[in-house]
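What follows is a single structure, written as structure tokens, with notes after it.
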Amino acid sequence: MTACPGEPYFAHAMTACASLDFRAIAAISLDARWGPEGLAAAGVRDADLVIEPLLRRAAELGHVEAQFSLGALHAGGVFVDYDDLEALRWYRKAAGQGHPEAAYQIVKYLRLDPPDYRMTHAPVLDDDELERLLAIAATGHRVEAGFLHGVLLYDRHEDGRSPDFRERPGYRSIRQAAIQAYRPAMERLAEIQAEAGDRWSGARWFRAAAQVAFLDADDTAARSLAVRSVRLGRSGSDEDEDELTSVLRAPVVELDWNAVFARRGGGEAAFRMASQVAEEISGESASAGWLRFAADFGHATATMALGDLLDDEWVWDDDLDAGVEAAALFAKAAELGAPGALEKARKAALQLGEHFEGEDSPEAEEEAQRWFENAAALGCPEGRYVMGYRLLPPGPRHDPVRAFPALLASAEAGFPAAAWEVAECLRNGAGVARDPARALAWYRRAADHDFVEAKLHLGRAYRDGSGVEVDLRQALSWLAMAAEGSDPNAQYELGLMHLKGLGTPADPEAALGWLRAAADQGHAPSLAKIAEMEQAPAGPGERFVVIDFETTGLSPNNGDRVIEVGAVEIVDGRIGRRFQSLANPGFPVSARITAITGISNAMLVDAPPLAEVIREVSAFIEGATLVAHNAGFDRRFLQAEMERLGLWDDREMLCTMRLGKRAYPGLGSYKLAFLAEHAGVALPDAMHRALADAMATAELFLVMREREACPPPETQPPAIAEPAADRAVLASTLPPTAPRQPASGWRRWLPAFG
């Protein structure tokens with residue numbers, strides 16, 4: 001294609017006046033609108049004076065854009081005198097080469113502008129030339145040109161009563177202009193639809209026109225069009241205010257609203273429309289459709305407002321899809337800098353995680369974790385906590401290495417429960433190297449945030465010397481704070497400290513008060529302790545406690561510890577209360593011990609700390625004569641554990657093995673199972689569990705006590721000159737007439753202990 005000879009002149013002119021907007025000065029008019037300010041607004045500078053000769057030379061050489069630009073200079077009186085005929089001459093030349101804006105300016109001046117805008121000598125534009133010029137103008141970007149061309153075609157050549165009128169070019173041009181929210185086109189299209197008998201479509205286009213007029217702040221036109229829409233839609237004439245305002249509620253979908261708003265200011269225009277609709281209809285939900293357009297433009301406030309509306313739909317209408325979209329909108333609003341959006345995004349992600357967590361399916365579990373991780377990614381301390389907590393055992397996803405950093409970030413942000421879990425991880429070495437000192441610091445931070453379990457743990461630590469020096473006053477203080485937080489375990493343990501005078505003078509009344517507070521919450525040990533305190537004390541020498549330990553080895557001197565305690569009370573020759581508890585020694589047990597006792601590390605991980613159990617044992621055995629089988633073994637462990645806590649007082653312990661040797665001399669073995677079977681005591685199904693062994697020992701003790709009191713003739717041993725101390729104790733402390741329990745009586749209590 002051969003270049004136009006005028007191109008170099010035009011290019012030189014454009015280089016000299018790149019900022020000049022020729023369309024802004026193109027309209028032919030007699031008014032003096034192009035004064036200094038108007039010219040400055042159009043980008044005209046005095047230095048641009050040199051372009052007129054360049055444009056003229058380019059136009060004379062046939063450059064179409066130069067022809068239009070030169071016509072614009074004459075139309076606006078810029079650098080040349082105003083001359084409408086000269087402007088028309090150059091516009092006609094440009095239009096003859098297909099220039100849309102030149103064609104439109106000819107039509108505008110000769111047909112659209114009022115007559116008094118035209119010079120008396122202006123030529124007349126006939127319908128054929130009008131149609132030709134509008135066809136050229138319609139190829140450009142002026143929506144009004146396309147509309148005018150469509151109207152001309154429709155009025156001259158098309159009939160709305162024809163079945164195929166919607167396929168004709170005039171109708172299509174009108175509709176295309178209407179879709180672009182050109183209000184005259186929308187009104188004309190509504191009229192055409194109504195004339196063709198389609199009242200619903202006509203009413204809809206009047207409604208669309210009313211919405212555009214409302215957006216343009218033309219309230220009079222908006223109301224008039226709303227009236228026409230309502231009347232056409234229901235064939236009535238007595239519309240009320242609610243009907244008129246409802247016209248604004250939902251955007252008419254046929255319009256390209258993104259383009260509409262883009263021409264009027266984008267997201268700000270859409271948000272202004274949403275705000276006005278909400279005010280007019282008195283309800284934020286009415287503006288949802290408009291807010292969506294504003295949100296699509298990236299308007300921060302609109303994005304968050306739409307999120308609020310959808311969040312309400314989820315809360316009140318149980319619309320999960322709305323909740324998911326609300327969470328995404330809050331996150332987007334946060335990125336856009338909307339105040340408060342980040343907190344809403346975090347909350348929405350948490351709520352969605354909790355929703356899916358409550359559903360029982362693998363898919364829901366995946367969704368729950370995804371939303372909790374979203375909340376964590378948004379910097380939500382609670383989200384990081386929940387994400388990390390779910391990765392700890394026995395959660396659905398066992399990954400403590402991933403869990404610890406999330407929990408630590410949450411704790412450092414001040415989330416109390418996370419501080420507790422960080423402390424637990426550091427104490428147990430879960431996902432991080434074991435560090436008791438650092439763990440204690442995190443327990444303190446959790447306690448400082450009023451986390452009751454942390455206060456309870458610190459109280460126990462200072463009481464038992466776990467990671468710190470024993471400090472009973474500190475222990476009492478922390479337990480008191482936890483107890484005031486209504487923790488029943490803290491109330492119980494605080495009650496025991498008052499009862500025993502640990503860190504404070506003994507005060508049974510204060511102890512009973514705390515125990516009753518725990519009992520009111522159904523705390524079983526507190527209920528039992530209250531019953532014990534309110535029970536009349538047994539007389540001297542009438543109360544025994546049979547005790548048995550399962551341990552990690554044979555000697556406390558080698559570092560072995562107790563892992564289970566079983567104790568059975570005997571009062572007046574009858575079996576009474578029982579005590580049983582596993583105890584966490586603070587380290588794993590060997591496979592050999594598990595094989596012997598059946599007690600595994602999995603059973604001990606959630607067991608109470610050993611120090612706590614020994615304190616309960618101390619309370620249970622207080623004032624009683626102790627009994628054990630092979631008592632030296634149990635006594636060594638009892639003494640070692642109680643001495644750690646400052647509770648040991650040298651006390652008497654009877655040994656049923658030694659008593660058995662007196663009662664049944666000459667047996668090949670005096671192990672508990674063999675001796676009990678020989679004495680007719682029924683054995684439990686599994687030995688080497690503390691309570692079962694203690695029950696068997698108690699039954700054996702009662703049998704031997706009865707034998708000592710009234711030995712059968714056929715088995716009476718030979719007289720012994722000097723009775724042993726064990727026999728003397730039995731003879732002097734147990735009434736000879738007290739009936740014993742049936743040999744199999746211990747089975748009656750076993751179900752209560754699993």
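Labels for the structure tokens follow display order: chains A, B, ..., residues from 1 in each chain, ligands from 1.
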Q) Using the chain letters and numbers from this document, which residues of segment 193-431 of chain A does DSSP assign to alpha helix (DSSP H), as a PyMOL selection string? A) chain A and resi 193-195+199-215+219-234+241-246+257-264+267-281+288-296+300-317+320-335+341-357+362-377+381-390+400-412+416-428
(Q) Residues within 12 Å of Pro525 of chain A, please, as a ChimeraX atom specification. Count only C-alpha atoms; anything in the same chain fewer than 2 positions from it doesn't count. (A) /A:488-493,495-496,515-516,518-523,527-532,578-581,613,616-617,619-620
Q | Exercise: segment 621-628 of chain A partners within 6 Å, only C-alpha atoms, chain neighbours under 2 positions left out, as a PyMOL selection string | A | chain A and resi 543-547+618-619+631+653-655
Q) So how far away is atom CA of Ala181 of chain A from atom CA of Ala300 of chain A, in Å? A)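 Answer for the atom CA of Ala300 of chain A to atom CA of Ala181 of chain A separation: 25.3 Å.
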